[in-house]
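In what follows, a structure is listed as structure tokens, so that the remarks can point back to it.
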Amino acid sequence: MQPDTGAHIIAVANQKGGVGKTTTAINLATAMAAVKKKVLILDLDPQGNASTGFGIDRNAREITSYDVVLGAAPVKEAVLATEIPGLSIIPSTVDLSGADLELAELPQRNFRLQQAFDKADIRADFDYILIDCPPSLSLLTINALVAADSVLVPLQCEFFALEGLSLLMRTVEQVQASLNPGLDINGVVLTMYDARNNLSEQVALDVRAYLGDKVYKTVIPRNVRVSEAPSFGKPVLLYDHKCAGSQAYISLARELLGRRKSKIAA
Ligand code: ADP
Ligand code: MG
């Protein structure tokens with residue numbers, strides 16, 4: 001359950017790879033930091049794409065999300081600054097790929113990340129914590145869903161998108177039923193939308209019919225600048241803030257912050 005004060009923790013999750021989880025975590029975080037929110041990204045994918053996307057050198061990743069989930073180091077020691085004011089990251093390395101098996105052997109295996117966050121009182125230091133989940137419904141993702149207040153689902157507008165979404169929603173319901181009753185659906189964000197493609201439009205309509213206002217009005221277009229930015233170790237907002245992808249992430253951040261504000265006020 002979300003305490004009255006401190007960071008709101010969002011798991012960015014979808015068991016499919018390549019749907020825009022990392023891109024959304026990076027750019028949403030950057031857009032929130034631009035309006036003076038203090039934001040932490042926890043890179044929970046062994047591929048470390050979020051860490052690379054912020055230009056965090058592999059040699060600089062001494063204490064990582066692996067140490068955090070396994071309780072091998074205090075959370076705060078793992079936090080690194082990025083070049084963006086107000087935005088920090090806990091990086092990951094390929095070591096994290098062994099964490100699932102190790103977690104399986106531990107007591108309270110679903111609660112390790114939540115316990116690590118609580119122990120460090122990490123909520124006190126940030127306004128938002130975004131967890132970039134791996135592309136699976138593994139123990140790492142379950143740990144993220146247990147530690148989080150809400151789950152944000154990037155969804156690529158393609159065939160089978162809805163099937164994957166219903167599997168994820170079932171997992172979220174199971175987590176709500178037994179592990180984290182306070183977990184909310186933050187929303188679904190449609191990514192890599194191609195206005196020239198009828199399938200994109202049809203999938204968007206289907207998803208909105210299925211989930212109603214849970215789907216963000218903002219749609220992230222397919223945009224080449226978005227895909228170029230990570231190779232420069234920069235969020236697209238720093239690489240080309242005028243491009244359509246950057247503008248869409250600014251609009252998503254505004255919509256998310258607005259929704260949250262009205263939720264707190266309600
Ligand atoms: P995930 O984290 O879900 O695996 P990524 O965020 O890494 O997905 O995105 C997968 C690939 O698609 C990456 O190469 C990324 O640069 C690219 N990509 C993501 N969003 C967009 C977009 N809006 N336009 C163009 N390419 C994108
Ligand atoms: Mg990713």
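Each chain in the structure tokens gets a letter, A, B, ..., in the order shown, and its residues are numbered from 1; ligands are numbered from 1 in order too.
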
So that each row is one residue of segment 63-166 of chain A with an atom at most 12 Å from segment 219-232 of chain A, can you give its shortest atom pair and the distance in Å to one decimal, using only C-alpha atoms, rows by chain and rising number, as CSV?
residue,atom,partner,partner_atom,distance
A:Pro154,CA,A:Ile220,CA,9.5
A:Leu155,CA,A:Ile220,CA,9.9
A:Gln156,CA,A:Ile220,CA,9.4
A:Cys157,CA,A:Val219,CA,10.1

query: Which protein, DNA or RNA residues have an atom within 10 Å of ligand 1, counting only C-alpha atoms and all ligand atoms, as a VMD selection string?
result: chain A and resid 12 to 27 45 47 to 50 53 132 to 135 153 to 156 190 to 194 219 to 231 236 244 to 246 248 to 249

Hey, which bits of segment 125-154 of chain A sit within 10 Å of segment 69-86 of chain A, and for each residue what's the closest pair of atoms and how far apart in Å (one decimal), counting only C-alpha atoms, rows by chain and increasing number, as a tab-separated table?
residue	atom	partner	partner_atom	distance
A:Asp125	CA	A:Lys76	CA	9.6
A:Phe126	CA	A:Gly86	CA	8.8
A:Asp127	CA	A:Gly86	CA	9.9
A:Leu140	CA	A:Val69	CA	8.3
A:Asn143	CA	A:Val69	CA	8.3
A:Ala144	CA	A:Val69	CA	9.8

task: Skip segment 201-215 of chain A itself and residues of its chain fewer than 3 positions away, then list as a ChimeraX atom specification all residues within 8 Å of it, counting only C-alpha atoms.
output: /A:157-159,161-162,185-190,194-195,197-198

Filtering to N, CA and C atoms, could you give me those residues as a short mmCIF file (atom, residue, chain, number, x, y, z; two decimals), in the first residue's frame?
data_model
loop_
_atom_site.label_atom_id
_atom_site.label_comp_id
_atom_site.auth_asym_id
_atom_site.auth_seq_id
_atom_site.Cartn_x
_atom_site.Cartn_y
_atom_site.Cartn_z
N CYS A 157 1.56 -1.60 -30.78
CA CYS A 157 0.34 -1.81 -31.55
C CYS A 157 0.59 -2.84 -32.65
N GLU A 158 0.49 -4.11 -32.32
CA GLU A 158 0.73 -5.16 -33.32
C GLU A 158 -0.19 -6.33 -33.04
N PHE A 159 -0.20 -7.26 -33.95
CA PHE A 159 -1.00 -8.46 -33.82
C PHE A 159 -0.58 -9.20 -32.56
N ALA A 161 -1.01 -8.35 -29.56
CA ALA A 161 -0.76 -7.46 -28.41
C ALA A 161 -1.76 -7.71 -27.29
N LEU A 162 -3.03 -7.92 -27.68
CA LEU A 162 -4.06 -8.09 -26.66
C LEU A 162 -3.91 -9.40 -25.90
N ILE A 185 -3.35 -0.53 -11.51
CA ILE A 185 -2.92 -0.40 -12.91
C ILE A 185 -2.73 1.10 -13.14
N ASN A 186 -1.50 1.51 -13.36
CA ASN A 186 -1.25 2.92 -13.62
C ASN A 186 -1.84 3.29 -14.98
N GLY A 187 -1.59 2.42 -15.96
CA GLY A 187 -2.12 2.68 -17.28
C GLY A 187 -1.39 1.87 -18.34
N VAL A 188 -1.94 1.95 -19.54
CA VAL A 188 -1.32 1.30 -20.69
C VAL A 188 -0.93 2.42 -21.64
N VAL A 189 0.30 2.36 -22.15
CA VAL A 189 0.70 3.37 -23.13
C VAL A 189 1.02 2.68 -24.46
N LEU A 190 0.37 3.16 -25.51
CA LEU A 190 0.59 2.57 -26.83
C LEU A 190 1.88 3.12 -27.41
N ASP A 194 2.12 3.61 -35.58
CA ASP A 194 2.36 4.02 -36.96
C ASP A 194 1.02 4.40 -37.59
N ALA A 195 0.82 5.69 -37.74
CA ALA A 195 -0.48 6.19 -38.20
C ALA A 195 -0.82 5.70 -39.62
N ASN A 197 -0.39 2.76 -40.66
CA ASN A 197 -0.66 1.32 -40.64
C ASN A 197 -2.03 1.06 -40.02
N ASN A 198 -2.92 0.42 -40.79
CA ASN A 198 -4.28 0.17 -40.29
C ASN A 198 -4.29 -0.71 -39.06
#

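Using only C-alpha atoms, the smallest distance between any of A:Asp95, A:Asp118, A:Asp240, A:Glu255 and Thr218 of chain A comes from A:Glu255.
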
- request: Could you jot down the atom CA of Leu252 of chain A to atom CA of Ile131 of chain A separation for me, Å, one decimal place?
  value: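 Between atom CA of Leu252 of chain A and atom CA of Ile131 of chain A the gap is 16.8 Å.
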
Neighbouring residues of Thr5 of chain A were defined as those with any atom within 12 Å, considering only C-alpha atoms; residues of the same chain fewer than 2 positions away were excluded. Please report them as a PDB file with N, CA and C atoms, in the first residue's frame.
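Saved file out_3.pdb follows:
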ATOM      1  N   MET A   1       0.851  -1.200   0.000  1.00  0.00           N
ATOM      2  CA  MET A   1       0.000   0.000   0.000  1.00  0.00           C
ATOM      3  C   MET A   1       0.878   1.238   0.000  1.00  0.00           C
ATOM      4  N   GLN A   2       0.506   2.221  -0.793  1.00  0.00           N
ATOM      5  CA  GLN A   2       1.306   3.450  -0.885  1.00  0.00           C
ATOM      6  C   GLN A   2       1.175   4.270   0.409  1.00  0.00           C
ATOM      7  N   PRO A   3       2.301   4.543   1.067  1.00  0.00           N
ATOM      8  CA  PRO A   3       2.228   5.415   2.241  1.00  0.00           C
ATOM      9  C   PRO A   3       1.825   6.838   1.835  1.00  0.00           C
ATOM     10  N   ALA A   7       7.987   8.641  -2.462  1.00  0.00           N
ATOM     11  CA  ALA A   7       7.924   8.303  -3.877  1.00  0.00           C
ATOM     12  C   ALA A   7       6.765   7.387  -4.221  1.00  0.00           C
ATOM     13  N   HIS A   8       6.223   7.597  -5.409  1.00  0.00           N
ATOM     14  CA  HIS A   8       5.285   6.651  -6.009  1.00  0.00           C
ATOM     15  C   HIS A   8       6.128   5.706  -6.870  1.00  0.00           C
ATOM     16  N   ILE A   9       5.950   4.417  -6.649  1.00  0.00           N
ATOM     17  CA  ILE A   9       6.803   3.434  -7.343  1.00  0.00           C
ATOM     18  C   ILE A   9       6.021   2.786  -8.486  1.00  0.00           C
ATOM     19  N   ASP A 121      14.456   3.062   3.271  1.00  0.00           N
ATOM     20  CA  ASP A 121      13.526   4.189   3.238  1.00  0.00           C
ATOM     21  C   ASP A 121      13.743   5.006   1.955  1.00  0.00           C
ATOM     22  N   ILE A 122      13.819   4.294   0.853  1.00  0.00           N
ATOM     23  CA  ILE A 122      14.175   4.916  -0.422  1.00  0.00           C
ATOM     24  C   ILE A 122      13.111   5.904  -0.897  1.00  0.00           C
ATOM     25  N   ARG A 123      11.862   5.676  -0.483  1.00  0.00           N
ATOM     26  CA  ARG A 123      10.786   6.582  -0.914  1.00  0.00           C
ATOM     27  C   ARG A 123      11.035   8.016  -0.470  1.00  0.00           C
ATOM     28  N   ALA A 124      11.778   8.170   0.627  1.00  0.00           N
ATOM     29  CA  ALA A 124      11.983   9.517   1.168  1.00  0.00           C
ATOM     30  C   ALA A 124      12.834  10.381   0.239  1.00  0.00           C
ATOM     31  N   ASP A 125      13.626   9.760  -0.617  1.00  0.00           N
ATOM     32  CA  ASP A 125      14.584  10.516  -1.435  1.00  0.00           C
ATOM     33  C   ASP A 125      14.073  10.924  -2.818  1.00  0.00           C
ATOM     34  N   PHE A 126      12.914  10.380  -3.235  1.00  0.00           N
ATOM     35  CA  PHE A 126      12.463  10.609  -4.616  1.00  0.00           C
ATOM     36  C   PHE A 126      10.968  10.916  -4.670  1.00  0.00           C
ATOM     37  N   ASP A 127      10.544  11.454  -5.814  1.00  0.00           N
ATOM     38  CA  ASP A 127       9.114  11.621  -6.077  1.00  0.00           C
ATOM     39  C   ASP A 127       8.566  10.409  -6.848  1.00  0.00           C
ATOM     40  N   TYR A 128       9.378   9.912  -7.755  1.00  0.00           N
ATOM     41  CA  TYR A 128       8.968   8.741  -8.549  1.00  0.00           C
ATOM     42  C   TYR A 128      10.129   7.752  -8.656  1.00  0.00           C
ATOM     43  N   ILE A 264      -4.580  11.884  -5.945  1.00  0.00           N
ATOM     44  CA  ILE A 264      -4.225  12.253  -4.576  1.00  0.00           C
ATOM     45  C   ILE A 264      -5.291  13.194  -4.003  1.00  0.00           C
TER      46      ILE A 264
END

As a PDB file with C-alpha atoms, in the first residue's frame, list the residues of segment 53-255 of chain A assigned to strand (DSSP E) by DSSP on the backbone atoms of this structure.
ATOM      1  CA  LEU A  80      24.279   6.640  -9.436  1.00  0.00           C
ATOM      2  CA  ALA A  81      23.684  10.153 -10.733  1.00  0.00           C
ATOM      3  CA  LEU A  87      17.503  11.814 -12.251  1.00  0.00           C
ATOM      4  CA  SER A  88      19.371   8.850 -10.747  1.00  0.00           C
ATOM      5  CA  ILE A  89      19.704   5.219 -11.708  1.00  0.00           C
ATOM      6  CA  ILE A  90      20.474   1.897 -10.102  1.00  0.00           C
ATOM      7  CA  TYR A 128       8.968   8.741  -8.549  1.00  0.00           C
ATOM      8  CA  ILE A 129      10.774   5.427  -8.829  1.00  0.00           C
ATOM      9  CA  LEU A 130      10.447   3.653 -12.183  1.00  0.00           C
ATOM     10  CA  ILE A 131      11.374  -0.018 -12.360  1.00  0.00           C
ATOM     11  CA  ASP A 132      12.412  -1.158 -15.846  1.00  0.00           C
ATOM     12  CA  SER A 150       1.291   0.789  -9.783  1.00  0.00           C
ATOM     13  CA  VAL A 151       2.156  -0.883 -13.052  1.00  0.00           C
ATOM     14  CA  LEU A 152       2.591   0.941 -16.351  1.00  0.00           C
ATOM     15  CA  VAL A 153       2.298  -1.268 -19.423  1.00  0.00           C
ATOM     16  CA  PRO A 154       3.875  -0.185 -22.710  1.00  0.00           C
ATOM     17  CA  LEU A 155       2.027  -1.941 -25.512  1.00  0.00           C
ATOM     18  CA  GLN A 156       3.182  -2.128 -29.079  1.00  0.00           C
ATOM     19  CA  ASP A 184      -2.877  -0.381  -9.127  1.00  0.00           C
ATOM     20  CA  ILE A 185      -2.916  -0.401 -12.909  1.00  0.00           C
ATOM     21  CA  ASN A 186      -1.246   2.917 -13.622  1.00  0.00           C
ATOM     22  CA  GLY A 187      -2.116   2.677 -17.285  1.00  0.00           C
ATOM     23  CA  VAL A 188      -1.317   1.304 -20.691  1.00  0.00           C
ATOM     24  CA  VAL A 189       0.696   3.371 -23.134  1.00  0.00           C
ATOM     25  CA  LEU A 190       0.585   2.571 -26.834  1.00  0.00           C
ATOM     26  CA  THR A 191       4.069   2.625 -28.299  1.00  0.00           C
ATOM     27  CA  MET A 192       5.640   2.618 -31.767  1.00  0.00           C
ATOM     28  CA  TYR A 193       2.346   3.720 -33.216  1.00  0.00           C
ATOM     29  CA  VAL A 215      -5.159   3.648 -21.709  1.00  0.00           C
ATOM     30  CA  TYR A 216      -3.261   6.918 -21.886  1.00  0.00           C
ATOM     31  CA  LYS A 217      -4.539   9.441 -24.432  1.00  0.00           C
ATOM     32  CA  THR A 218      -0.929  10.082 -25.392  1.00  0.00           C
ATOM     33  CA  VAL A 219       0.317   7.672 -28.027  1.00  0.00           C
ATOM     34  CA  ILE A 220       4.048   7.265 -28.663  1.00  0.00           C
ATOM     35  CA  PRO A 221       4.689   7.340 -32.433  1.00  0.00           C
TER      36      PRO A 221
END

Separation of atom CA of Glu62 of chain A from atom CA of Leu42 of chain A, in Å and rounded to one decimal: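 Computing it gives 14.4 Å between the two atoms.
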
- prompt: Of the residues A:Ser92, A:Ala120, A:Ala60, A:Val68, which is the one nearest to ligand 2, using only C-alpha atoms and all ligand atoms?
  reply: A:Ser92

query: DSSP says alpha helix (DSSP H) for which residues of segment 18-201 of chain A? Put them as a ChimeraX atom specification?
result: /A:21-34,49-53,65-69,75-78,99-104,112-120,139-147,161-178,198-201

Polymer residues at most 9 Å from Val172 of chain A, only C-alpha atoms, same-chain spacing of 4 or more positions, as a list in words: Ile142, Leu145, Val151, Leu167, Leu168, Gln176, Ala177, Leu183, Asp184 and Ile185 of chain A

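Using only C-alpha atoms for every distance, the candidate list A:Leu165, A:Leu179, A:Ile10, A:Leu101 yields A:Ile10 as the residue closest to Val39 of chain A.
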